[in-house]
Structure formats: C-alpha cells, structure tokens
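Content type mmCIF, C-alpha atoms, from the file data.cif:
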```
data_upload
loop_
_atom_site.label_atom_id
_atom_site.label_comp_id
_atom_site.auth_asym_id
_atom_site.auth_seq_id
_atom_site.Cartn_x
_atom_site.Cartn_y
_atom_site.Cartn_z
CA LEU O 1 -68.97 71.43 -49.70
CA ARG O 2 -68.55 67.70 -49.28
CA MET O 3 -66.98 65.90 -52.23
CA VAL O 4 -69.02 63.02 -53.60
CA HIS O 5 -67.03 59.79 -53.82
CA TYR O 6 -67.31 57.94 -57.14
CA LYS O 7 -66.15 54.37 -57.72
CA LEU O 8 -66.42 52.72 -61.12
CA THR O 9 -65.94 48.95 -61.36
CA TYR O 10 -65.34 47.17 -64.66
CA PHE O 11 -62.89 44.76 -66.27
CA ASP O 12 -59.50 45.93 -67.47
CA LEU O 13 -61.01 46.84 -70.82
CA ARG O 14 -62.52 49.85 -72.53
CA GLY O 15 -65.81 48.13 -73.38
CA ARG O 16 -68.89 49.62 -71.73
CA ALA O 17 -66.93 51.60 -69.14
CA GLU O 18 -64.80 53.74 -71.43
CA SER O 19 -67.42 56.42 -72.18
CA ILE O 20 -68.00 56.74 -68.43
CA ARG O 21 -64.28 57.15 -67.74
CA GLN O 22 -64.11 59.81 -70.44
CA VAL O 23 -67.03 61.75 -68.94
CA PHE O 24 -65.14 61.88 -65.63
CA ALA O 25 -61.99 62.95 -67.50
CA TYR O 26 -63.80 65.65 -69.44
CA ALA O 27 -65.48 66.96 -66.28
CA GLY O 28 -62.16 66.85 -64.42
CA VAL O 29 -63.72 64.82 -61.60
CA ALA O 30 -61.69 62.22 -59.71
CA PHE O 31 -63.00 58.68 -59.34
CA ASP O 32 -61.78 55.21 -58.37
CA ASP O 33 -61.22 53.44 -61.71
CA VAL O 34 -61.43 49.86 -60.43
CA ARG O 35 -60.45 47.22 -63.00
CA ILE O 36 -61.05 43.68 -61.83
CA PRO O 37 -59.41 40.56 -63.25
CA ARG O 38 -61.75 38.04 -64.89
CA ASP O 39 -61.24 35.45 -62.16
CA LYS O 40 -62.52 37.84 -59.48
CA TRP O 41 -65.81 38.37 -61.32
CA PRO O 42 -67.78 35.24 -60.25
CA GLU O 43 -67.59 36.19 -56.57
CA LEU O 44 -68.46 39.85 -57.22
CA LYS O 45 -71.31 39.16 -59.66
CA PRO O 46 -74.06 38.26 -57.15
CA GLN O 47 -73.24 41.39 -55.16
CA THR O 48 -74.13 43.63 -58.09
CA PRO O 49 -77.69 44.80 -58.80
CA PHE O 50 -77.98 43.14 -62.23
CA GLY O 51 -75.08 40.68 -62.22
CA GLN O 52 -73.26 42.86 -64.73
CA LEU O 53 -70.61 45.53 -65.10
CA PRO O 54 -69.97 48.47 -65.31
CA LEU O 55 -71.15 49.48 -61.88
CA LEU O 56 -70.93 53.00 -60.48
CA GLU O 57 -71.05 53.55 -56.74
CA VAL O 58 -71.97 57.07 -55.64
CA ASP O 59 -70.99 57.41 -51.98
CA GLY O 60 -71.49 53.65 -51.86
CA ALA O 61 -74.92 53.62 -53.55
CA PRO O 62 -74.84 51.45 -56.70
CA ILE O 63 -76.06 52.33 -60.20
CA ALA O 64 -75.97 49.75 -62.99
CA GLN O 65 -76.36 50.05 -66.80
CA SER O 66 -73.83 52.17 -68.65
CA THR O 67 -76.33 54.53 -70.32
CA ALA O 68 -78.13 55.21 -67.03
CA ILE O 69 -74.74 55.95 -65.43
CA LEU O 70 -73.75 58.28 -68.28
CA ARG O 71 -77.02 60.19 -68.14
CA PHE O 72 -76.76 60.53 -64.34
CA LEU O 73 -73.18 61.84 -64.52
CA GLY O 74 -74.12 64.12 -67.41
CA LYS O 75 -76.67 65.76 -65.16
CA GLN O 76 -74.27 65.88 -62.18
CA PHE O 77 -71.51 67.55 -64.23
CA GLU O 78 -73.78 69.78 -66.35
CA LEU O 79 -72.68 67.91 -69.47
CA THR O 80 -76.25 67.53 -70.64
CA GLY O 81 -79.10 69.36 -72.35
CA LYS O 82 -80.37 72.52 -70.75
CA THR O 83 -84.06 71.74 -71.25
CA PRO O 84 -86.13 68.53 -71.26
CA LEU O 85 -86.37 68.75 -75.05
CA GLU O 86 -82.58 69.04 -75.40
CA GLN O 87 -82.12 66.11 -73.04
CA ALA O 88 -84.61 64.09 -75.06
CA LYS O 89 -82.55 64.76 -78.19
CA LEU O 90 -79.48 63.28 -76.52
CA ASP O 91 -81.49 60.27 -75.37
CA MET O 92 -82.92 59.61 -78.80
CA VAL O 93 -79.54 59.68 -80.56
CA VAL O 94 -77.89 57.46 -77.95
CA ASP O 95 -80.80 54.99 -77.95
CA GLN O 96 -80.52 54.78 -81.74
CA MET O 97 -76.80 54.03 -81.48
CA ASN O 98 -77.58 51.37 -78.88
CA ASP O 99 -80.08 49.85 -81.33
CA PHE O 100 -77.26 49.82 -83.91
CA ALA O 101 -74.98 48.03 -81.46
CA ALA O 102 -77.69 45.43 -80.77
CA ASP O 103 -78.25 44.95 -84.51
CA ILE O 104 -74.58 44.24 -85.21
CA LYS O 105 -73.91 42.34 -82.00
CA GLN O 106 -73.63 38.95 -83.70
CA PHE O 107 -70.93 40.29 -86.04
CA MET O 108 -69.03 42.00 -83.21
CA MET O 109 -69.07 38.85 -81.04
CA VAL O 110 -67.64 36.78 -83.88
CA SER O 111 -65.19 39.54 -84.75
CA ILE O 112 -63.66 39.65 -81.27
CA GLY O 113 -63.71 35.88 -80.92
CA PHE O 114 -66.54 35.52 -78.40
CA ALA O 115 -68.75 33.51 -80.76
CA GLN O 116 -68.51 31.24 -83.77
CA GLY O 117 -69.60 32.37 -87.19
CA ASP O 118 -68.69 33.42 -90.69
CA LYS O 119 -67.05 36.75 -90.08
CA GLU O 120 -66.86 37.74 -93.75
CA ALA O 121 -70.52 36.95 -94.41
CA LEU O 122 -71.64 38.76 -91.26
CA TYR O 123 -69.53 41.77 -92.20
CA LYS O 124 -71.15 41.98 -95.62
CA ASP O 125 -74.73 41.02 -94.74
CA LEU O 126 -75.17 42.33 -91.20
CA PHE O 127 -72.57 44.95 -90.40
CA LEU O 128 -72.35 47.01 -93.58
CA PRO O 129 -76.09 47.57 -94.22
CA ASN O 130 -76.63 48.51 -90.56
CA ARG O 131 -73.57 50.75 -90.55
CA ASP O 132 -74.82 52.57 -93.64
CA LYS O 133 -78.33 52.96 -92.26
CA HIS O 134 -77.38 54.14 -88.78
CA PHE O 135 -74.45 56.35 -89.78
CA ALA O 136 -76.68 58.15 -92.28
CA LEU O 137 -79.11 58.85 -89.42
CA LEU O 138 -76.29 60.20 -87.26
CA VAL O 139 -75.16 62.50 -90.05
CA LYS O 140 -78.75 63.71 -90.49
CA ASN O 141 -79.17 64.44 -86.78
CA ILE O 142 -75.77 65.95 -85.91
CA THR O 143 -75.87 69.14 -87.91
CA GLY O 144 -73.56 71.32 -85.78
CA ASP O 145 -70.33 70.74 -83.91
CA PHE O 146 -72.12 68.50 -81.40
CA ILE O 147 -75.59 66.98 -81.05
CA LEU O 148 -76.67 70.17 -79.27
CA GLY O 149 -74.88 73.53 -79.28
CA HIS O 150 -72.40 72.33 -76.65
CA ILE O 151 -70.59 69.10 -75.80
CA THR O 152 -72.52 66.63 -73.66
CA TRP O 153 -72.22 63.10 -72.26
CA ALA O 154 -73.87 61.82 -75.43
CA ASP O 155 -71.15 63.29 -77.67
CA ILE O 156 -68.43 61.75 -75.47
CA HIS O 157 -70.22 58.39 -75.65
CA LEU O 158 -70.85 58.54 -79.41
CA ALA O 159 -67.31 59.61 -80.23
CA ASN O 160 -66.00 56.76 -78.08
CA SER O 161 -68.32 54.26 -79.81
CA LEU O 162 -67.12 55.45 -83.22
CA GLU O 163 -63.50 55.22 -82.13
CA GLY O 164 -64.08 51.68 -80.89
CA LEU O 165 -65.27 50.71 -84.36
CA VAL O 166 -62.36 52.50 -86.04
CA SER O 167 -59.86 50.65 -83.86
CA LYS O 168 -61.14 47.34 -85.24
CA MET O 169 -62.02 48.49 -88.76
CA PRO O 170 -59.87 51.46 -89.75
CA ASP O 171 -61.91 52.26 -92.86
CA VAL O 172 -65.32 52.13 -91.15
CA LEU O 173 -65.80 55.92 -91.32
CA ASP O 174 -64.79 56.20 -94.99
CA GLY O 175 -67.72 57.82 -96.73
CA PHE O 176 -68.77 59.61 -93.55
CA PRO O 177 -66.29 62.50 -93.31
CA SER O 178 -68.55 64.58 -91.08
CA LEU O 179 -68.69 61.76 -88.52
CA LYS O 180 -64.92 61.40 -88.63
CA ALA O 181 -64.58 65.16 -88.05
CA TYR O 182 -67.14 64.97 -85.21
CA MET O 183 -65.26 62.14 -83.47
CA GLU O 184 -61.95 64.01 -83.82
CA ARG O 185 -63.51 67.25 -82.59
CA VAL O 186 -64.68 65.56 -79.37
CA HIS O 187 -61.32 63.80 -78.88
CA ASN O 188 -59.32 66.97 -79.50
CA THR O 189 -60.86 68.77 -76.52
CA PRO O 190 -57.92 69.35 -74.15
CA ARG O 191 -58.99 67.06 -71.28
CA LEU O 192 -59.89 64.18 -73.57
CA ARG O 193 -56.73 64.59 -75.62
CA ALA O 194 -54.74 64.31 -72.40
CA TYR O 195 -56.81 61.34 -71.21
CA LEU O 196 -56.51 59.47 -74.52
CA SER O 197 -52.75 59.90 -74.64
CA THR O 198 -52.31 58.31 -71.20
CA ARG O 199 -55.04 55.68 -70.85
CA PRO O 200 -54.03 52.03 -70.32
CA ALA O 201 -53.93 49.83 -73.41
CA ALA O 202 -56.60 47.15 -73.79
CA PRO O 203 -57.66 44.80 -76.58
CA PHE O 204 -61.16 46.39 -76.73
CA PHE L 1 -110.89 79.63 -69.51
CA SER L 2 -110.44 76.49 -71.59
CA ALA L 3 -109.15 78.59 -74.50
CA ILE L 4 -106.37 79.97 -72.26
CA SER L 5 -105.35 76.55 -70.97
CA GLN L 6 -105.30 75.14 -74.51
CA SER L 7 -102.97 77.85 -75.76
CA THR L 8 -100.47 77.31 -72.92
CA MET L 9 -100.59 73.52 -73.19
CA PRO L 10 -98.11 71.95 -75.56
CA ALA L 11 -99.89 70.09 -78.32
CA TYR L 12 -98.80 66.46 -78.13
CA LYS L 13 -99.21 64.05 -81.01
CA LEU L 14 -98.03 60.47 -80.80
CA TYR L 15 -97.48 58.70 -84.11
CA TYR L 16 -97.35 54.90 -84.32
CA PHE L 17 -98.98 51.98 -86.09
CA SER L 18 -102.42 51.00 -84.80
CA ILE L 19 -101.01 48.27 -82.59
CA ARG L 20 -99.71 48.29 -79.02
CA GLY L 21 -96.07 47.43 -79.73
CA LEU L 22 -93.57 50.17 -78.94
CA GLY L 23 -96.27 52.83 -78.90
CA GLU L 24 -98.18 51.47 -75.94
CA VAL L 25 -95.80 52.58 -73.20
CA PRO L 26 -95.60 56.21 -74.42
CA ARG L 27 -99.40 56.22 -74.70
CA GLN L 28 -99.82 54.92 -71.16
CA ILE L 29 -97.34 57.49 -69.81
CA LEU L 30 -99.28 60.29 -71.48
CA ALA L 31 -102.52 58.85 -70.05
CA LEU L 32 -100.98 58.45 -66.59
CA ALA L 33 -99.73 62.04 -66.68
CA ASP L 34 -103.24 63.18 -67.61
CA VAL L 35 -101.82 64.84 -70.69
CA LYS L 36 -104.12 65.38 -73.63
CA PHE L 37 -102.66 63.93 -76.81
CA GLU L 38 -103.67 62.98 -80.30
CA ASN L 39 -103.10 59.26 -80.75
CA VAL L 40 -102.30 59.11 -84.47
CA GLY L 41 -102.47 55.64 -86.07
CA ILE L 42 -100.32 55.43 -89.22
CA THR L 43 -101.43 52.75 -91.66
CA LYS L 44 -99.10 50.47 -93.64
CA GLU L 45 -100.01 52.47 -96.75
CA GLN L 46 -99.22 55.83 -95.16
CA TRP L 47 -95.97 54.65 -93.62
CA PRO L 48 -93.50 54.88 -96.55
CA GLU L 49 -94.27 58.56 -97.04
CA PHE L 50 -94.37 59.38 -93.34
CA LYS L 51 -91.15 57.45 -92.70
CA SER L 52 -88.98 59.97 -94.54
CA LYS L 53 -90.42 62.76 -92.38
CA THR L 54 -89.29 61.12 -89.13
CA PRO L 55 -85.84 61.67 -87.58
CA PHE L 56 -84.86 58.00 -87.64
CA GLY L 57 -87.23 56.44 -90.14
CA GLN L 58 -89.03 54.72 -87.29
CA MET L 59 -91.93 55.08 -84.90
CA PRO L 60 -93.12 55.88 -82.30
CA VAL L 61 -92.49 59.60 -82.72
CA LEU L 62 -93.81 62.22 -80.33
CA GLU L 63 -94.51 65.61 -81.80
CA VAL L 64 -94.57 68.47 -79.30
CA ASP L 65 -95.01 72.07 -80.42
CA GLY L 66 -94.02 70.99 -83.91
CA LYS L 67 -90.75 69.33 -82.78
CA GLN L 68 -90.21 65.58 -83.05
CA ILE L 69 -88.79 63.08 -80.55
CA PRO L 70 -88.24 59.47 -81.69
CA GLN L 71 -87.27 56.43 -79.55
CA SER L 72 -89.89 55.16 -77.14
CA PHE L 73 -87.71 55.47 -74.03
CA ALA L 74 -86.68 59.05 -74.85
CA ILE L 75 -90.37 59.89 -75.28
CA ALA L 76 -91.37 58.16 -72.05
CA ARG L 77 -88.61 59.86 -70.09
CA TYR L 78 -89.38 63.27 -71.61
CA VAL L 79 -93.07 63.15 -70.67
CA ALA L 80 -92.51 61.38 -67.34
CA SER L 81 -89.80 63.75 -66.11
CA GLN L 82 -92.13 66.71 -66.46
CA HIS L 83 -94.90 65.06 -64.47
CA GLY L 84 -93.11 63.54 -61.48
CA LEU L 85 -93.12 60.07 -63.03
CA ALA L 86 -89.35 59.64 -63.50
CA GLY L 87 -88.05 59.23 -59.96
CA LYS L 88 -87.93 61.90 -57.27
CA THR L 89 -84.13 62.35 -57.14
CA PRO L 90 -81.31 62.04 -59.71
CA PHE L 91 -80.36 58.74 -58.09
CA GLU L 92 -83.91 57.36 -58.42
CA ALA L 93 -84.03 58.62 -62.02
CA ALA L 94 -80.80 56.74 -62.73
CA TRP L 95 -82.36 53.56 -61.35
CA VAL L 96 -85.47 54.04 -63.47
CA ASP L 97 -83.17 54.34 -66.49
CA ALA L 98 -81.08 51.35 -65.45
CA LEU L 99 -84.15 49.15 -65.07
CA ALA L 100 -85.47 50.30 -68.44
CA ASP L 101 -82.17 49.48 -70.15
CA GLN L 102 -82.03 46.12 -68.39
CA TYR L 103 -85.50 45.40 -69.76
CA LYS L 104 -84.33 46.34 -73.25
CA ASP L 105 -81.33 44.00 -72.95
CA PHE L 106 -83.71 41.22 -71.88
CA ASN L 107 -86.08 41.96 -74.75
CA ASN L 108 -83.29 41.92 -77.34
CA ASP L 109 -82.76 38.25 -76.48
CA PHE L 110 -86.33 37.35 -75.62
CA LYS L 111 -87.80 38.71 -78.84
CA LYS L 112 -86.02 35.97 -80.79
CA PHE L 113 -88.67 33.72 -79.22
CA PHE L 114 -91.48 36.22 -78.59
CA TYR L 115 -91.72 37.58 -82.14
CA LEU L 116 -92.38 34.03 -83.33
CA VAL L 117 -95.12 33.72 -80.71
CA LEU L 118 -96.70 36.91 -82.05
CA GLY L 119 -96.51 35.56 -85.59
CA PHE L 120 -93.64 37.64 -86.93
CA GLY L 121 -90.79 35.99 -88.79
CA GLU L 122 -90.06 32.35 -89.45
CA GLY L 123 -88.60 29.75 -87.16
CA ASP L 124 -89.02 26.78 -84.91
CA LEU L 125 -91.07 28.02 -81.96
CA GLU L 126 -90.11 25.22 -79.59
CA ALA L 127 -86.41 25.57 -80.38
CA ALA L 128 -86.56 29.34 -79.91
CA LYS L 129 -88.34 28.86 -76.60
CA LEU L 130 -85.56 26.58 -75.34
CA GLU L 131 -82.70 28.60 -76.76
CA HIS L 132 -83.90 32.16 -76.17
CA GLY L 133 -87.24 32.36 -74.36
CA ILE L 134 -86.55 30.37 -71.24
CA PRO L 135 -82.91 31.43 -70.65
CA ALA L 136 -83.74 35.12 -71.17
CA ARG L 137 -86.71 34.86 -68.83
CA ASP L 138 -84.80 33.06 -66.10
CA LYS L 139 -81.87 35.46 -66.27
CA PHE L 140 -84.04 38.58 -66.11
CA PHE L 141 -87.09 37.98 -63.94
CA PRO L 142 -85.23 36.93 -60.77
CA LEU L 143 -83.59 40.39 -60.91
CA VAL L 144 -87.02 42.01 -61.19
CA VAL L 145 -88.31 40.06 -58.19
CA LYS L 146 -85.15 40.98 -56.26
CA GLN L 147 -85.69 44.67 -57.08
CA LEU L 148 -89.39 44.60 -56.12
CA LYS L 149 -88.63 42.88 -52.83
CA SER L 150 -85.71 45.11 -51.90
CA ASN L 151 -87.59 48.31 -52.83
CA GLY L 152 -90.56 47.04 -50.82
CA THR L 153 -93.15 49.60 -51.91
CA GLY L 154 -94.85 47.64 -54.66
CA PHE L 155 -93.19 49.91 -57.25
CA LEU L 156 -89.84 49.27 -58.89
CA VAL L 157 -88.20 52.51 -57.74
CA GLY L 158 -89.12 54.80 -54.87
CA ASP L 159 -92.54 54.95 -53.34
CA SER L 160 -94.64 55.98 -56.30
CA VAL L 161 -95.24 54.91 -59.90
CA THR L 162 -92.61 55.74 -62.52
CA TRP L 163 -92.51 55.18 -66.27
CA VAL L 164 -90.45 52.03 -65.80
CA ASP L 165 -93.31 50.46 -63.79
CA VAL L 166 -95.51 51.07 -66.83
CA LEU L 167 -92.89 49.51 -69.13
CA TYR L 168 -92.52 46.39 -67.02
CA ALA L 169 -96.26 45.97 -66.45
CA GLU L 170 -96.98 46.14 -70.19
CA GLY L 171 -94.16 43.73 -70.98
CA SER L 172 -94.92 41.11 -68.34
CA SER L 173 -98.69 41.19 -68.84
CA ARG L 174 -98.25 40.81 -72.60
CA VAL L 175 -95.94 37.81 -72.17
CA ALA L 176 -98.25 36.17 -69.62
CA HIS L 177 -101.19 36.69 -71.99
CA GLU L 178 -99.49 35.37 -75.14
CA VAL L 179 -97.71 32.43 -73.49
CA PRO L 180 -100.02 31.19 -70.72
CA GLY L 181 -98.21 30.01 -67.63
CA PHE L 182 -94.86 31.34 -68.81
CA LEU L 183 -94.38 33.63 -65.81
CA ASP L 184 -95.97 31.38 -63.19
CA ASP L 185 -92.63 31.11 -61.37
CA TYR L 186 -92.66 34.89 -60.90
CA PRO L 187 -95.91 35.75 -59.11
CA GLU L 188 -94.44 39.02 -57.76
CA VAL L 189 -94.01 40.23 -61.34
CA LEU L 190 -97.62 39.43 -62.24
CA GLU L 191 -98.80 41.13 -59.04
CA HIS L 192 -96.78 44.22 -59.97
CA ALA L 193 -98.46 44.36 -63.40
CA LYS L 194 -101.89 44.07 -61.79
CA LYS L 195 -101.08 46.89 -59.37
CA ILE L 196 -99.89 49.21 -62.15
CA HIS L 197 -102.85 48.40 -64.39
CA ALA L 198 -105.22 49.20 -61.52
CA ILE L 199 -104.01 52.82 -61.37
CA PRO L 200 -107.11 54.77 -62.44
CA GLN L 201 -105.66 56.64 -65.44
CA ILE L 202 -104.04 53.48 -66.79
CA LYS L 203 -107.10 51.34 -66.10
CA LYS L 204 -109.19 53.86 -68.02
CA TRP L 205 -106.76 53.87 -70.94
CA ILE L 206 -106.63 50.08 -71.13
CA GLU L 207 -110.43 49.82 -71.09
CA ALA L 208 -110.85 52.45 -73.79
CA ARG L 209 -107.91 51.70 -76.06
CA PRO L 210 -108.63 50.64 -79.63
CA VAL L 211 -106.11 47.76 -79.58
#
```
Can you dump the structure from the file as structure tokens?
Amino acid sequence: LRMVHYKLTYFDLRGRAESIRQVFAYAGVAFDDVRIPRDKWPELKPQTPFGQLPLLEVDGAPIAQSTAILRFLGKQFELTGKTPLEQAKLDMVVDQMNDFAADIKQFMMVSIGFAQGDKEALYKDLFLPNRDKHFALLVKNITGDFILGHITWADIHLANSLEGLVSKMPDVLDGFPSLKAYMERVHNTPRLRAYLSTRPAAPF
Amino acid sequence: FSAISQSTMPAYKLYYFSIRGLGEVPRQILALADVKFENVGITKEQWPEFKSKTPFGQMPVLEVDGKQIPQSFAIARYVASQHGLAGKTPFEAAWVDALADQYKDFNNDFKKFFYLVLGFGEGDLEAAKLEHGIPARDKFFPLVVKQLKSNGTGFLVGDSVTWVDVLYAEGSSRVAHEVPGFLDDYPEVLEHAKKIHAIPQIKKWIEARPV
C-alpha cells in the first residue's frame, strides 16, 4: 500500500487552514504543514490555481478552496456521511456557516485591523443580528452529539470556526450553551485535545 | 411498468420563488440528470408560512422522500453525484467543488454591483461598477479562462459536463445578458456557456422554463 503524500501550504496563521490541519490530526494522517512568510507569497501566488491559499497538494496534484479540500479529505479519511443524503446534510450546514462568515466579513475585517470602519457599530448592527440568526439555525440542525451520528469533517470545521470567534469575543457563545458544549465535545476528542495543546500560536 | 418505476423513484420537489435566482442551477441539474421533479413556485404571500418549515428559513429547498436539503450547492452536489455529473474521481469532485466555491467568492463581491443592475437595493450603479463589478470580474474571469484552457475539453473539469459547468454557464450568460458587453474580454467564457446551454436536456429546459 503506497502512502499518499499530502502537502498543505498556508500562512503562519490558523485562518482558513486550521480546520484542514485538524482533520489531518483527527485522522492521524501525516502531512507537510507548510507555513510561508508573507513576503514569499507574491512569487508563489501565480503558481497556485486561484491565486489564493490554502492549497493542498495530493501527490503533487493541487486542490484549492478550503471547503473543497475539507470535503475531499473527509471522504479520504471516512470522516464524512455514509450516504449521499448524510453528506448533503454536512454540506448544507457548512454552506450556511460560510454564508454567515460572508455576512459578517466587514465586521471581522475591521475587527482584525484589515479594514477601516466603526467597529462598535458593526458589532451591534451587523455581527450580533447575524450571529443570533445563524447560531439559532445551528442549534436547530445539530440535535445530537454531532451533525450526524458520528464526528465528521464538518464538525471539526464548525467547532474550529466557533473557537475562532470565541478567541476574539469570549462571550460570543453566551446564550448558546448547546453550541458551546458541541464545540467542547469536538475539541475534547483525544487526538484534537493533543493537537490543540501543542499547535503553534498565531494571532488568528 | 410505469407504476413500478414510479414507486422506486424518489419523489423530488424543488421549492423556490418563481424566478431563476438560486433555484435555476438546481433545476438545470435535475433536468440534465433527466430526473422528474415538481418545480414548486412559492409566492411572496406563501413565503412567511413556508419559511418556518424550512431548515434554514431560506430557499431553494429540495425535498426528497419527505426529507429536506437546503443550500443550492448542497442540492446540486447531491443530485449530480448520483448521476455522474460531479466529477469521475474524488480529485475531479474536489475541483468541481473548488470551482463552485471560487464562483461563490466572486459572486459575494460582484453582487454588490449586480444586484443594483437587477433592480434590488439602492445605490450608485456607476460607482458600484467601478468599485465592485469590474475588479471582481477581472480577478475572477482570467482564472476561469485559465482553467478552461488548461483542462482543454471545453468543460471546466474532466471530459464531460459537471454541475459546476451548469453553475458557471448560468452565471456568465446572465451577466452578459444584463450588462451587454461586460464579458467581451472573456470570449472563452461566453463560448463555454453556449456549449453548456446547447446540451439537449438543458436546451429543452431553457426553452420550456416559465422564467
């Protein structure tokens, strides 16, 4: 059995690569976790399919777009739904969370200093209403321990997304105890607990 | 014979407003897959009550055997993957997904201009075109041309049509129709849309569709 070689390229940040790293960690599969400095990016950019990171190379063949990468690895490592309908459920929840991220993007950019704006006003008028709407949908659609009856790439991704918000806004899950419990449940699985206790620090 | 095939066929119902919008790609995938489905148009008056019955308070929603799937890409992938329209290998499927997500990223910027073109929302059309429309277009479409050329089959991924071809063809043809000349610098993209829309099942759907 030949081992597939995986190489993940991203910046030295959690960002859009962290869920992918955690899927590898959960599956116990080795990969090259390449973190490039910002000043190396301009020369690498045109060599990537979409001029963006993260990029996964599977025996040298590139795949772009973090969600596509996650879904691909989920299938490879059997961390996905067992039927098309189950897989569709994972897709729908993750797509909804991605919609949420797009909706609050302006606030997040200002919040981490990548754009100008009134952070307080955006927090009140953009972030909070969207948070309330989308978190209520998550609560409605995650009725068991995980989205399906077993942990999948989508749970690892969602728990990481929630944790990313908590790291910037510690009270963001107040009022959503089941989501807090869900995030902690995913992060308390042995491999992820080990991974989280040893991962490199990064601002986001 | 037809009674047997009807009882083994899943009953598909697609719920959306009676516009193309986000419902059009799922409809075209169902048509392309030759899958019988009920195309349910929800009116503005019916929507508030129906909304609470959907998983995410949004449409489109596909109902299959009484179970619901929201999110247009999840629906497209679900139908496509069961009919050989989602890439022939896991790697191809990943590329179909990546191209779909790249399109969504593009649209999240582009819609700040395009929604004004379609008459939704308020704003300065010319300013939005300069600030959002043109930059989003010129960042995204060169990648599409690059992908079409490097794949070399006339389709975006592999050597046969996938659901992401349908997504791109609907998107680019809509833009070219609503903003004449806007994609003239990207003839390969317009050619791709023509090729996809010439596929018999899609051609038939487009000719017969209500909107």
How many Å separate CA of Asn39 (chain L) from CA of Leu167 (chain L)?
->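 Interatomic distance here is 18.3 Å.
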Just so the selection is clear, what residues does the PyMOL selection byres ((chain O and resi 51) around 12) cover here, as a VMD selection string?
-> (chain O and resid 10 41 to 50 52 to 55 63 to 65) or (chain L and resid 102 139 to 140 142 to 143 146)
Residues of chain L within 6 Å of chain O, using all atoms listed in the file, as a PyMOL selection string?
-> chain L and resi 71+74+78+94+97-98
With a distance cut-off of 7 Å and only C-alpha atoms, select the neighbouring residues of Glu63 (chain L), excluding the residue or stretch itself and same-chain residues fewer than 5 positions from it, and output the selection as a PyMOL selection string.
-> chain L and resi 12-14+68-69
Spatial neighbours of region 121-135 of chain L, max dist 10 Å, all atoms listed in the file, sep filter under 6 positions, as a list of chain:residue names | L:Phe106, L:Asn107, L:Asn108, L:Asp109, L:Phe110, L:Lys111, L:Lys112, L:Phe113, L:Phe114, L:Tyr115, L:Phe182
